[in-house]
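Content type mmCIF, C-alpha atoms, from the file protein.cif:
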data_start
#
loop_
_atom_site.label_atom_id
_atom_site.label_comp_id
_atom_site.auth_asym_id
_atom_site.auth_seq_id
_atom_site.Cartn_x
_atom_site.Cartn_y
_atom_site.Cartn_z
CA MET E 89 133.14 69.31 101.28
CA THR E 90 134.04 71.93 98.64
CA GLU E 91 132.96 75.55 98.50
CA ASN E 92 130.89 75.00 95.34
CA THR E 93 128.29 72.92 97.16
CA ASN E 94 125.23 74.07 99.07
CA GLN E 95 126.04 71.70 101.93
CA PHE E 96 129.38 73.39 102.57
CA TYR E 97 127.69 76.69 103.37
CA LEU E 98 124.75 75.10 105.17
CA ASP E 99 127.10 73.24 107.51
CA ARG E 100 128.99 76.44 108.29
CA GLN E 101 125.72 78.30 108.83
CA ASN E 102 124.53 75.60 111.20
CA GLN E 103 127.70 76.00 113.25
CA THR E 104 127.55 79.78 113.54
CA GLU E 105 123.96 81.04 113.28
CA SER E 106 121.07 81.05 115.72
CA ASN E 107 118.65 78.18 116.07
CA ALA E 108 115.93 80.73 115.28
CA ARG E 109 116.75 80.65 111.55
CA THR E 110 113.86 79.39 109.44
CA TYR E 111 114.23 79.61 105.68
CA PRO E 112 117.36 77.44 105.34
CA ARG E 113 115.42 74.58 106.92
CA LYS E 114 112.84 74.72 104.12
CA PHE E 115 115.10 75.80 101.29
CA PRO E 116 118.56 74.26 101.90
CA ILE E 117 120.57 76.25 99.38
CA ALA E 118 123.30 78.89 99.31
CA ILE E 119 122.38 81.64 96.85
CA LYS E 120 125.08 82.92 94.55
CA LYS E 121 123.20 85.06 92.02
CA ALA E 122 119.75 86.56 91.61
CA LYS E 123 118.02 88.37 88.78
CA GLY E 124 114.36 89.25 88.50
CA SER E 125 112.35 86.28 89.72
CA VAL E 126 115.20 83.79 89.36
CA ILE E 127 117.88 82.85 91.90
CA THR E 128 120.90 80.59 91.31
CA ASP E 129 122.62 78.57 93.99
CA VAL E 130 126.33 77.83 94.30
CA GLU E 131 125.86 74.54 92.46
CA GLY E 132 124.37 76.26 89.44
CA ASN E 133 120.73 75.27 90.04
CA THR E 134 118.16 77.93 89.18
CA TYR E 135 114.95 78.49 91.12
CA LEU E 136 111.83 80.52 90.46
CA ASP E 137 111.52 82.79 93.49
CA PHE E 138 107.89 83.40 94.48
CA LEU E 139 108.91 84.50 97.97
CA CYS E 140 111.10 87.50 97.02
CA GLY E 141 112.26 88.45 100.47
CA ALA E 142 108.77 87.93 101.97
CA GLY E 143 107.40 90.52 99.56
CA THR E 144 110.28 92.96 99.96
CA LEU E 145 111.44 92.77 96.34
CA ALA E 146 108.52 94.43 94.55
CA LEU E 147 110.52 94.55 91.31
CA GLY E 148 112.46 91.34 91.84
CA HIS E 149 116.17 90.84 92.37
CA ASN E 150 118.67 93.32 90.97
CA ASP E 151 116.26 95.45 88.98
CA PRO E 152 118.41 97.43 86.51
CA GLU E 153 116.78 100.81 87.20
CA ILE E 154 117.03 100.38 90.98
CA ASN E 155 120.63 99.22 90.74
CA GLN E 156 121.54 102.13 88.49
CA ALA E 157 119.99 104.62 90.93
CA MET E 158 121.98 103.10 93.80
CA ILE E 159 125.21 103.06 91.78
CA GLU E 160 124.78 106.71 90.83
CA LEU E 161 124.23 107.63 94.47
CA LEU E 162 127.32 105.68 95.53
CA GLN E 163 129.42 107.43 92.90
CA SER E 164 128.01 110.90 93.58
CA GLY E 165 129.73 111.55 96.88
CA ALA E 166 126.36 112.00 98.61
CA PRO E 167 126.09 110.84 102.23
CA LEU E 168 124.92 107.28 102.73
CA HIS E 169 124.03 107.74 106.39
CA SER E 170 122.38 110.92 107.67
CA LEU E 171 120.44 110.04 110.85
CA ASP E 172 117.38 112.29 110.47
CA LEU E 173 119.20 115.15 108.75
CA THR E 174 117.61 115.98 105.44
CA THR E 175 119.18 115.55 102.00
CA PRO E 176 117.98 116.06 98.42
CA VAL E 177 117.54 112.28 98.15
CA LYS E 178 115.38 112.19 101.28
CA ASP E 179 113.35 115.21 100.19
CA THR E 180 112.54 113.52 96.87
CA PHE E 181 111.55 110.29 98.63
CA VAL E 182 109.33 112.11 101.15
CA HIS E 183 107.43 114.12 98.57
CA THR E 184 107.04 111.15 96.25
CA LEU E 185 105.49 109.16 99.10
CA LEU E 186 103.26 112.02 100.22
CA SER E 187 101.96 112.39 96.65
CA LEU E 188 100.63 108.82 96.77
CA LEU E 189 98.55 109.29 99.92
CA PRO E 190 94.82 110.05 100.25
CA GLU E 191 94.10 113.76 99.95
CA VAL E 192 93.79 114.40 103.69
CA LEU E 193 97.19 112.87 104.39
CA LYS E 194 98.76 114.58 101.37
CA GLU E 195 97.91 117.87 103.05
CA HIS E 196 98.26 116.92 106.69
CA GLY E 197 100.63 113.94 106.68
CA LYS E 198 103.81 113.59 108.71
CA LEU E 199 106.52 110.95 108.36
CA GLN E 200 108.66 109.25 111.00
CA PHE E 201 111.62 107.26 109.72
CA CYS E 202 112.43 104.40 112.09
CA SER E 203 115.03 101.74 112.56
CA PRO E 204 114.76 99.93 109.22
CA SER E 205 112.37 97.10 110.02
CA GLY E 206 108.61 96.84 110.08
CA THR E 207 108.54 95.82 113.72
CA ASP E 208 110.05 99.15 114.73
CA ALA E 209 107.46 101.01 112.67
CA VAL E 210 104.78 99.16 114.64
CA ASP E 211 106.38 100.03 117.97
CA ALA E 212 106.81 103.65 116.90
CA ALA E 213 103.16 103.93 115.87
CA ILE E 214 101.95 102.54 119.19
CA LYS E 215 104.19 104.97 121.08
CA LEU E 216 102.88 107.81 118.93
CA CYS E 217 99.23 106.97 119.55
CA LYS E 218 99.72 106.44 123.27
CA THR E 219 101.51 109.79 123.49
CA ALA E 220 98.86 111.62 121.47
CA THR E 221 95.85 110.14 123.27
CA GLY E 222 97.20 109.62 126.77
CA ARG E 223 95.58 106.19 126.70
CA SER E 224 97.13 102.76 127.16
CA SER E 225 95.08 99.91 125.71
CA VAL E 226 95.44 98.73 122.11
CA ILE E 227 93.12 96.63 119.97
CA ALA E 228 94.54 94.09 117.52
CA PHE E 229 92.99 91.17 115.64
CA SER E 230 93.29 87.41 115.78
CA GLY E 231 95.54 86.16 113.00
CA GLY E 232 97.38 89.47 112.73
CA TYR E 233 101.14 89.67 112.38
CA HIS E 234 102.97 92.87 113.30
CA GLY E 235 106.55 91.79 113.92
CA MET E 236 108.86 90.21 116.46
CA GLY E 237 109.78 93.21 118.61
CA HIS E 238 108.58 93.18 122.19
CA GLY E 239 105.66 95.54 121.58
CA ALA E 240 104.89 94.32 118.05
CA LEU E 241 104.87 90.71 119.21
CA ALA E 242 102.27 91.55 121.85
CA LEU E 243 99.99 92.68 119.00
CA THR E 244 100.61 89.53 116.94
CA GLY E 245 98.09 86.71 116.97
CA ASN E 246 100.36 83.73 116.45
CA LEU E 247 101.08 82.06 119.78
CA ASN E 248 104.21 80.08 118.85
CA ALA E 249 106.55 83.06 119.12
CA LYS E 250 104.81 84.47 122.21
CA THR E 251 104.37 81.50 124.51
CA ASN E 252 107.93 81.44 125.86
CA VAL E 253 108.34 85.23 126.14
CA ASN E 254 107.11 86.60 129.44
CA GLY E 255 106.03 90.15 130.16
CA LEU E 256 104.98 91.34 126.72
CA MET E 257 103.27 94.72 126.40
CA SER E 258 100.10 94.65 128.48
CA ASP E 259 96.59 95.91 127.81
CA VAL E 260 96.30 94.42 124.30
CA HIS E 261 92.86 93.13 123.38
CA PHE E 262 92.27 90.80 120.42
CA PHE E 263 89.10 91.00 118.39
CA PRO E 264 87.82 88.50 115.80
CA TYR E 265 88.88 89.07 112.19
CA PRO E 266 86.46 87.92 109.44
CA TYR E 267 87.67 84.65 107.91
CA SER E 268 84.80 83.09 105.99
CA TYR E 269 86.36 79.65 105.57
CA ARG E 270 86.96 79.36 109.32
CA CYS E 271 84.57 81.97 110.67
CA PRO E 272 85.26 82.68 114.36
CA PHE E 273 81.49 83.00 114.88
CA GLY E 274 80.70 79.75 113.06
CA LEU E 275 78.62 81.66 110.51
CA GLY E 276 80.74 82.30 107.41
CA GLY E 277 79.96 84.56 104.46
CA GLU E 278 78.22 87.90 104.92
CA ALA E 279 76.71 86.75 108.20
CA GLY E 280 80.20 86.28 109.64
CA VAL E 281 81.30 89.70 108.40
CA ASP E 282 78.18 91.31 109.87
CA ALA E 283 78.84 89.60 113.20
CA ALA E 284 82.45 90.82 113.28
CA CYS E 285 81.33 94.36 112.49
CA ALA E 286 78.59 94.30 115.12
CA TYR E 287 80.89 92.82 117.75
CA PHE E 288 83.57 95.44 117.12
CA GLU E 289 81.15 98.36 117.31
CA HIS E 290 79.13 97.04 120.21
CA THR E 291 82.19 96.26 122.34
CA LEU E 292 83.83 99.63 121.83
CA LYS E 293 80.60 101.44 122.65
CA ASP E 294 79.60 99.20 125.57
CA PRO E 295 80.33 100.84 128.95
CA GLU E 296 80.47 97.33 130.47
CA SER E 297 82.87 95.83 127.88
CA GLY E 298 85.77 95.79 130.34
CA ILE E 299 88.07 97.41 127.76
CA THR E 300 89.14 100.98 128.40
CA LYS E 301 89.04 103.36 125.47
CA PRO E 302 92.07 102.35 123.39
CA ALA E 303 94.99 104.43 122.23
CA ALA E 304 94.76 102.75 118.83
CA VAL E 305 93.28 100.00 116.71
CA ILE E 306 95.82 98.23 114.49
CA ILE E 307 94.87 96.03 111.55
CA GLU E 308 96.34 94.49 108.40
CA PRO E 309 94.03 95.18 105.44
CA ILE E 310 95.19 91.78 104.20
CA GLN E 311 96.57 89.42 106.80
CA GLY E 312 99.81 87.98 105.48
CA GLU E 313 101.45 85.57 107.91
CA GLY E 314 97.96 84.84 109.22
CA GLY E 315 97.14 83.07 105.95
CA VAL E 316 96.45 85.68 103.22
CA ILE E 317 93.05 86.78 104.49
CA PRO E 318 91.76 90.04 102.97
CA ALA E 319 89.65 92.10 105.34
CA PRO E 320 86.17 92.55 103.83
CA ILE E 321 85.55 96.11 102.64
CA LYS E 322 82.56 96.41 104.98
CA PHE E 323 84.73 95.43 107.95
CA LEU E 324 87.42 98.02 107.19
CA GLN E 325 84.77 100.68 106.65
CA THR E 326 83.10 99.79 109.94
CA ILE E 327 86.39 100.03 111.82
CA ARG E 328 87.09 103.40 110.24
CA ARG E 329 83.61 104.76 110.99
CA VAL E 330 83.59 103.58 114.61
CA THR E 331 87.13 104.75 115.36
CA GLU E 332 86.35 108.16 113.90
CA GLU E 333 83.16 108.42 115.96
CA LEU E 334 85.08 107.54 119.13
CA ASN E 335 88.25 109.50 118.30
CA ILE E 336 90.46 106.40 118.30
CA PRO E 337 93.45 106.39 115.91
CA MET E 338 93.24 103.66 113.26
CA ILE E 339 96.59 102.15 112.25
CA VAL E 340 96.80 100.13 109.03
CA ASP E 341 99.78 97.80 108.79
CA GLU E 342 100.70 97.86 105.09
CA ILE E 343 104.17 96.42 105.63
CA GLN E 344 103.51 93.29 103.56
CA CYS E 345 100.29 94.05 101.68
CA GLY E 346 101.19 97.59 100.59
CA VAL E 347 103.24 99.14 97.76
CA GLY E 348 101.18 97.63 94.96
CA ARG E 349 100.91 94.07 96.25
CA SER E 350 97.08 94.10 96.28
CA GLY E 351 96.63 95.87 92.95
CA LYS E 352 96.27 99.25 94.69
CA PHE E 353 99.28 101.15 95.97
CA PHE E 354 97.94 100.67 99.50
CA ALA E 355 95.57 97.82 100.29
CA PHE E 356 93.28 100.00 102.42
CA GLU E 357 92.39 101.91 99.23
CA HIS E 358 90.12 99.02 98.21
CA ALA E 359 87.79 100.12 101.03
CA ASP E 360 87.98 103.82 100.13
CA ILE E 361 88.99 104.84 103.64
CA THR E 362 91.67 107.11 105.07
CA PRO E 363 93.37 105.78 108.22
CA ASP E 364 95.14 107.94 110.78
CA VAL E 365 98.41 105.99 110.59
CA ILE E 366 99.97 103.92 107.80
CA LEU E 367 102.91 101.60 108.40
CA THR E 368 105.18 100.74 105.50
CA SER E 369 108.45 98.85 105.19
CA LYS E 370 109.64 95.90 103.07
CA ALA E 371 109.02 96.99 99.45
CA ILE E 372 109.13 100.73 100.21
CA GLY E 373 112.94 100.54 100.44
CA GLY E 374 113.42 99.15 96.95
CA SER E 375 115.22 96.02 98.29
CA GLN E 376 117.08 97.95 101.01
CA PRO E 377 116.11 98.27 104.70
CA LEU E 378 113.66 101.09 105.39
CA ALA E 379 110.60 101.63 107.58
CA VAL E 380 108.28 104.62 107.70
CA VAL E 381 105.33 105.65 109.85
CA ILE E 382 102.93 107.96 108.01
CA TYR E 383 100.39 109.74 110.19
CA HIS E 384 98.01 112.67 110.44
CA GLU E 385 99.61 115.74 111.93
CA LYS E 386 96.95 115.86 114.68
CA LEU E 387 98.84 112.97 116.33
CA ASP E 388 102.21 114.72 116.22
CA ALA E 389 102.53 115.16 119.99
CA TRP E 390 106.07 113.77 120.20
CA GLN E 391 108.86 115.81 121.68
CA PRO E 392 112.26 115.89 119.89
CA GLY E 393 114.00 112.55 120.37
CA ALA E 394 110.79 110.72 121.37
CA HIS E 395 111.57 108.08 118.76
CA ALA E 396 114.88 107.53 117.05
CA GLY E 397 116.97 104.93 115.25
CA THR E 398 120.57 105.01 114.12
CA PHE E 399 119.82 103.77 110.60
CA ARG E 400 116.68 105.81 109.93
CA GLY E 401 118.51 107.82 107.27
CA ASN E 402 119.26 105.02 104.78
CA GLN E 403 119.92 107.04 101.65
CA ILE E 404 120.44 104.01 99.40
CA ALA E 405 117.02 102.70 100.42
CA MET E 406 115.43 106.08 99.77
CA VAL E 407 116.81 106.42 96.26
CA ALA E 408 115.85 102.80 95.51
CA GLY E 409 112.43 103.24 97.08
CA THR E 410 111.73 106.30 94.96
CA VAL E 411 112.23 104.17 91.84
CA VAL E 412 109.81 101.57 93.20
CA MET E 413 107.15 104.15 94.06
CA ASN E 414 107.34 105.77 90.64
CA ARG E 415 107.09 102.43 88.83
CA VAL E 416 104.53 100.69 90.99
CA SER E 417 102.14 103.64 91.35
CA ASP E 418 101.61 103.78 87.59
CA PRO E 419 97.92 102.85 87.03
CA ALA E 420 98.87 100.58 84.11
CA PHE E 421 101.34 98.71 86.35
CA LEU E 422 98.70 98.25 89.07
CA THR E 423 96.15 97.04 86.53
CA GLU E 424 98.64 94.43 85.38
CA VAL E 425 99.20 93.31 88.98
CA GLN E 426 95.46 92.71 89.27
CA GLU E 427 95.37 90.85 85.95
CA LYS E 428 98.32 88.63 86.87
CA GLY E 429 96.78 87.84 90.23
CA ALA E 430 93.45 87.02 88.57
CA ARG E 431 95.22 84.63 86.19
CA ILE E 432 96.85 82.73 89.06
CA GLU E 433 93.65 82.72 91.12
CA ALA E 434 91.55 81.37 88.25
CA GLU E 435 93.89 78.45 87.66
CA LEU E 436 94.11 77.63 91.36
CA LEU E 437 90.32 77.71 91.73
CA LYS E 438 90.03 75.33 88.80
CA LEU E 439 92.57 73.00 90.41
CA LYS E 440 90.75 73.22 93.75
CA GLY E 441 87.72 71.61 92.15
CA GLU E 442 89.80 68.66 90.95
CA VAL E 443 91.75 67.69 94.09
CA SER E 444 90.82 66.86 97.67
CA ILE E 445 93.53 68.69 99.62
CA ILE E 446 92.73 72.34 98.81
CA GLY E 447 90.19 73.87 101.16
CA ASP E 448 90.24 77.51 100.12
CA ILE E 449 91.89 79.95 97.70
CA ARG E 450 92.26 83.60 98.74
CA ALA E 451 93.67 86.38 96.61
CA LYS E 452 94.01 90.12 96.26
CA GLY E 453 96.30 91.16 93.42
CA LEU E 454 99.58 89.29 93.70
CA MET E 455 99.01 88.33 97.33
CA LEU E 456 97.56 84.83 97.13
CA GLY E 457 97.12 81.91 99.51
CA ILE E 458 96.26 78.22 99.07
CA GLU E 459 94.87 76.67 102.24
CA PHE E 460 95.50 72.94 102.46
CA VAL E 461 93.25 70.59 104.38
CA ASP E 462 93.14 66.98 105.51
CA PRO E 463 90.49 65.37 103.26
CA ASN E 464 90.11 62.52 105.74
CA GLY E 465 89.38 64.81 108.68
CA GLU E 466 86.05 65.76 110.21
CA LYS E 467 84.30 68.81 108.80
CA ASP E 468 83.30 71.66 111.10
CA ARG E 469 79.85 73.22 111.27
CA LEU E 470 80.61 75.29 108.17
CA GLY E 471 81.66 72.20 106.21
CA SER E 472 85.35 73.14 106.29
CA LEU E 473 87.90 70.35 106.65
CA PRO E 474 90.72 70.60 109.23
CA SER E 475 93.72 72.63 108.09
CA SER E 476 96.85 70.59 107.41
CA GLY E 477 100.31 72.04 107.81
CA ASP E 478 101.76 68.61 107.05
CA ILE E 479 100.14 68.49 103.62
CA ALA E 480 101.17 72.09 102.93
CA SER E 481 104.77 71.16 103.83
CA LEU E 482 104.69 68.21 101.44
CA VAL E 483 103.47 70.46 98.63
CA GLN E 484 106.09 73.07 99.49
CA GLN E 485 108.85 70.44 99.44
CA GLU E 486 107.61 69.05 96.13
CA CYS E 487 107.63 72.54 94.62
CA PHE E 488 111.17 73.08 95.88
CA LYS E 489 112.33 69.81 94.32
CA ASN E 490 111.05 71.25 91.05
CA TYR E 491 112.85 74.55 91.59
CA LEU E 492 110.01 76.74 92.84
CA ILE E 493 110.27 78.60 96.15
CA MET E 494 107.05 79.51 97.96
CA GLU E 495 106.52 80.12 101.67
CA LYS E 496 103.82 78.92 104.07
CA GLY E 497 101.79 80.67 106.74
CA GLY E 498 98.34 80.63 108.28
CA ARG E 499 96.93 78.43 111.02
CA HIS E 500 99.20 75.42 111.57
CA GLY E 501 101.30 76.52 108.59
CA SER E 502 98.61 75.25 106.24
CA VAL E 503 98.63 78.09 103.68
CA MET E 504 101.06 78.29 100.76
CA ARG E 505 101.57 81.96 99.93
CA CYS E 506 102.47 83.73 96.70
CA LEU E 507 104.65 86.81 97.28
CA CYS E 508 106.29 87.02 93.86
CA ALA E 509 107.77 90.12 92.25
CA LEU E 510 105.05 92.45 91.01
CA ASN E 511 106.71 92.58 87.59
CA VAL E 512 106.81 88.78 87.30
CA THR E 513 106.33 87.75 83.67
CA TYR E 514 103.37 85.77 82.39
CA GLU E 515 105.81 83.08 81.28
CA GLU E 516 107.09 82.79 84.86
CA ILE E 517 103.51 82.66 86.14
CA GLU E 518 102.77 79.76 83.80
CA THR E 519 105.87 77.92 85.01
CA MET E 520 104.83 78.49 88.62
CA LEU E 521 101.33 77.20 87.91
CA GLN E 522 102.66 74.09 86.18
CA ILE E 523 105.03 73.23 89.03
CA THR E 524 102.42 73.99 91.68
CA GLU E 525 99.74 71.91 89.97
CA GLN E 526 102.12 69.00 89.51
CA ALA E 527 103.12 69.14 93.18
CA ILE E 528 99.55 69.38 94.44
CA ARG E 529 98.34 66.54 92.25
CA LYS E 530 101.19 64.31 93.40
CA VAL E 531 100.56 64.98 97.09
CA ASP E 532 96.82 64.61 96.56
CA ALA E 533 97.36 61.19 94.94
CA ASP E 534 99.66 60.13 97.79
CA VAL E 535 97.11 61.19 100.39
CA LYS E 536 94.34 59.26 98.63
CA ALA E 537 96.57 56.18 98.34
CA ASN E 538 97.24 56.22 102.07
#

Spit out the file's structure as structure tokens when you get a sec.
Amino acid sequence: MTENTNQFYLDRQNQTESNARTYPRKFPIAIKKAKGSVITDVEGNTYLDFLCGAGTLALGHNDPEINQAMIELLQSGAPLHSLDLTTPVKDTFVHTLLSLLPEVLKEHGKLQFCSPSGTDAVDAAIKLCKTATGRSSVIAFSGGYHGMGHGALALTGNLNAKTNVNGLMSDVHFFPYPYSYRCPFGLGGEAGVDAACAYFEHTLKDPESGITKPAAVIIEPIQGEGGVIPAPIKFLQTIRRVTEELNIPMIVDEIQCGVGRSGKFFAFEHADITPDVILTSKAIGGSQPLAVVIYHEKLDAWQPGAHAGTFRGNQIAMVAGTVVMNRVSDPAFLTEVQEKGARIEAELLKLKGEVSIIGDIRAKGLMLGIEFVDPNGEKDRLGSLPSSGDIASLVQQECFKNYLIMEKGGRHGSVMRCLCALNVTYEEIETMLQITEQAIRKVDADVKAN
């Protein structure tokens, strides 16, 4: 086996890396080059990348402006590692980020730089809120994903990663998250949203609920790994109103849905609310590792050293992230994100009406999900067919054969997710739509034939 084949590197990876690896099982390639929305493997095959580091690469691979900023930093003699010591690069990053926050947090916001992964930002935020409130319980939501750290995993809905891990953080309580297609109350639509709102408020205000007053409520404004499920505006507004009334910190996890992904810089902006804590990672580092907790100064009860992280001072990520913030926060850029997302959504909705294996299409900006179903299964009380991870996998594999990379998520892995670069071109969108339609129609025909 020669070094210019994918299999050469895959075999070596199989021998040396953990069994926990995931992406190489779905996309068996060794990447040699990447530019924009296109990656090239060691055999010279090119793929359209609509995964982009699980949404990390807001401006795609090797963006020229980001690369130039990083090169200039490397050549300047500036420090690349500074713990939490300040630098001109850090100061610029901090004030750029603060300028993009709601007015209250612009004036009263504090930042905590963490170890450079979203899961540490989640753990840091929980520690912060427990310290500030003196309380212990935390409320999360079914379908939520907050990371793989010990505390973050306890807040995550998916059971696969949790079942074999004993002794996760205790006193976590899961509430229903509105999901019209598979409404946890069996109602769907506005009735399901109203039920979720009423249940949340009633339970937190019920002296017989069995749940002690929580240190925090954590929510994704758009669930990502849970299947691309946007929280209804009314639901987010209810959570904000109730938590303010009860003096409970509200944490919004914007790690995947933030930094322009939804067509707003932060996804919670769609609901016109101001949370107490914002978590950001992935795209905020401009392709480099970085995680930040943004919070109201009223919560700043930490003592020096209460939370740390050796690589919290990633200067390359800060200079790259500043480029991303300046580009993505431009209103014209965000409008284009919404327009591109609407183009993809419209075509997928049209296709949904012509095949039997698509149950639901969900979208907010360039965060889109296609939920696949078994057309031969039994419908539930809402008329929804059973989700099918097997059919989603077949579509994913068919897309990959035609050089398109898209990831899955959701219940039973039944949701294909679009996490493309925010500056993806319309030509690339059309190519993606053609490949996706071809793959879906083929699988749909095969399912009907069997």

When you look at stretch 165-177 of chain E with a cut-off of 8 Å (counting all atoms listed in the file), what residues show up, excluding the ones that are within fewer than 5 positions of it in the same chain? I need them as a PyMOL selection string.
chain E and resi 201+397-404+406-407

Could you list, as a compact mmCIF listing (two decimals) with C-alpha atoms, in the frame of the given file, every residue matched by the PyMOL selection byres ((chain E and resi 469) around 12) in this structure?
# COMPACT_ATOMS: atom_id res chain seq x y z
CA TYR E 269 86.36 79.65 105.57
CA ARG E 270 86.96 79.36 109.32
CA CYS E 271 84.57 81.97 110.67
CA PRO E 272 85.26 82.68 114.36
CA PHE E 273 81.49 83.00 114.88
CA GLY E 274 80.70 79.75 113.06
CA LEU E 275 78.62 81.66 110.51
CA GLY E 276 80.74 82.30 107.41
CA GLU E 466 86.05 65.76 110.21
CA LYS E 467 84.30 68.81 108.80
CA ASP E 468 83.30 71.66 111.10
CA LEU E 470 80.61 75.29 108.17
CA GLY E 471 81.66 72.20 106.21
CA SER E 472 85.35 73.14 106.29
CA LEU E 473 87.90 70.35 106.65
CA PRO E 474 90.72 70.60 109.23

Output of the PyMOL selection byres ((chain E and resi 421) around 12), listed as number ranges by chain:
E: 146-147, 347-353, 412-420, 422-428, 453, 510-512

For atom CA of E:Ile523 and atom CA of E:Glu435, quote the distance in Å rounded to one decimal.
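Taking atom CA of E:Ile523 and atom CA of E:Glu435, their separation equals 12.4 Å.
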
Long-range neighbours of E:Gly206 as a PyMOL selection string, 12 Å cut-off, all atoms listed in the file, 3 positions minimum in chain:
chain E and resi 144+201-203+209-213+233-237+239-241+341-344+366-373+377-381

Got a sec to resolve the PyMOL selection byres ((chain E and resi 315-317) around 8) on this structure and send the residues as a short mmCIF file (atom, residue, chain, number, x, y, z; two decimals) with C-alpha atoms, in the coordinates of the input?
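Produced file part.cif, reproduced below:
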data_model
loop_
_atom_site.label_atom_id
_atom_site.label_comp_id
_atom_site.auth_asym_id
_atom_site.auth_seq_id
_atom_site.Cartn_x
_atom_site.Cartn_y
_atom_site.Cartn_z
CA GLY E 231 95.54 86.16 113.00
CA TYR E 267 87.67 84.65 107.91
CA ILE E 310 95.19 91.78 104.20
CA GLN E 311 96.57 89.42 106.80
CA GLY E 312 99.81 87.98 105.48
CA GLU E 313 101.45 85.57 107.91
CA GLY E 314 97.96 84.84 109.22
CA PRO E 318 91.76 90.04 102.97
CA ALA E 319 89.65 92.10 105.34
CA ARG E 450 92.26 83.60 98.74
CA ALA E 451 93.67 86.38 96.61
CA MET E 455 99.01 88.33 97.33
CA LEU E 456 97.56 84.83 97.13
CA GLY E 457 97.12 81.91 99.51
CA GLU E 459 94.87 76.67 102.24
CA GLY E 497 101.79 80.67 106.74
CA GLY E 498 98.34 80.63 108.28
CA ARG E 499 96.93 78.43 111.02
CA SER E 502 98.61 75.25 106.24
CA VAL E 503 98.63 78.09 103.68
CA ARG E 505 101.57 81.96 99.93
#

Anything within 12 Å of (93.9, 111.8, 96.7): list those residues as a ChimeraX atom specification, counting only C-alpha atoms and sticking to the file's coordinates.
/E:186-195,353,357,360-362

Quick one: distance from atom CA of E:His149 to atom CA of E:Tyr97 in Å, one decimal?
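Between these atoms lies a distance of 21.3 Å.
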
Report the distance between atom CA of E:Ser476 and atom CA of E:Val461 in Å, rounded to one decimal place.
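That distance, rounded to one decimal, is 4.7 Å.
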
Quick one: of E:Leu256, E:Asp129, E:Lys123, E:Asp208, who's nearest to E:Leu98, counting all atoms listed in the file?
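That would be E:Asp129, the residue with the smallest distance to E:Leu98.
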
Taking all atoms listed in the file into account, name the residue in E:Cys506, E:Cys285, E:Ala527, E:Lys198 that is nearest to E:Val365.
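Smallest distance to E:Val365 is found for E:Lys198.
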
Neighbouring residues of E:Ser444 were defined as those with any atom within 10 Å, considering only C-alpha atoms; residues of the same chain fewer than 4 positions away were excluded. Please report them as a PyMOL selection string.
chain E and resi 439-440+460-464+528-529+531-533+535-536

Output stretch 186-196 of chain E with N, CA and C atoms present, as a CSV table (one decimal), in the frame of the given file.
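After the write, rebuild-v9.csv holds the following:
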chain,number,residue,atom,x,y,z
E,186,LEU,N,104.4,111.2,99.9
E,186,LEU,CA,103.3,112.0,100.2
E,186,LEU,C,102.3,112.2,99.0
E,187,SER,N,102.8,112.2,97.8
E,187,SER,CA,102.0,112.4,96.6
E,187,SER,C,101.1,111.2,96.4
E,188,LEU,N,101.4,110.0,97.0
E,188,LEU,CA,100.6,108.8,96.8
E,188,LEU,C,99.6,108.6,97.8
E,189,LEU,N,99.5,109.5,98.8
E,189,LEU,CA,98.6,109.3,99.9
E,189,LEU,C,97.2,109.8,99.6
E,190,PRO,N,96.1,109.4,100.4
E,190,PRO,CA,94.8,110.0,100.2
E,190,PRO,C,94.9,111.5,100.5
E,191,GLU,N,94.0,112.3,99.9
E,191,GLU,CA,94.1,113.8,100.0
E,191,GLU,C,94.3,114.4,101.3
E,192,VAL,N,93.6,113.8,102.3
E,192,VAL,CA,93.8,114.4,103.7
E,192,VAL,C,95.2,114.3,104.2
E,193,LEU,N,95.8,113.1,103.9
E,193,LEU,CA,97.2,112.9,104.4
E,193,LEU,C,98.2,113.5,103.5
E,194,LYS,N,97.9,113.8,102.2
E,194,LYS,CA,98.8,114.6,101.4
E,194,LYS,C,99.0,116.0,102.0
E,195,GLU,N,97.9,116.5,102.5
E,195,GLU,CA,97.9,117.9,103.0
E,195,GLU,C,98.3,117.9,104.5
E,196,HIS,N,98.0,116.9,105.3
E,196,HIS,CA,98.3,116.9,106.7
E,196,HIS,C,99.1,115.7,107.2
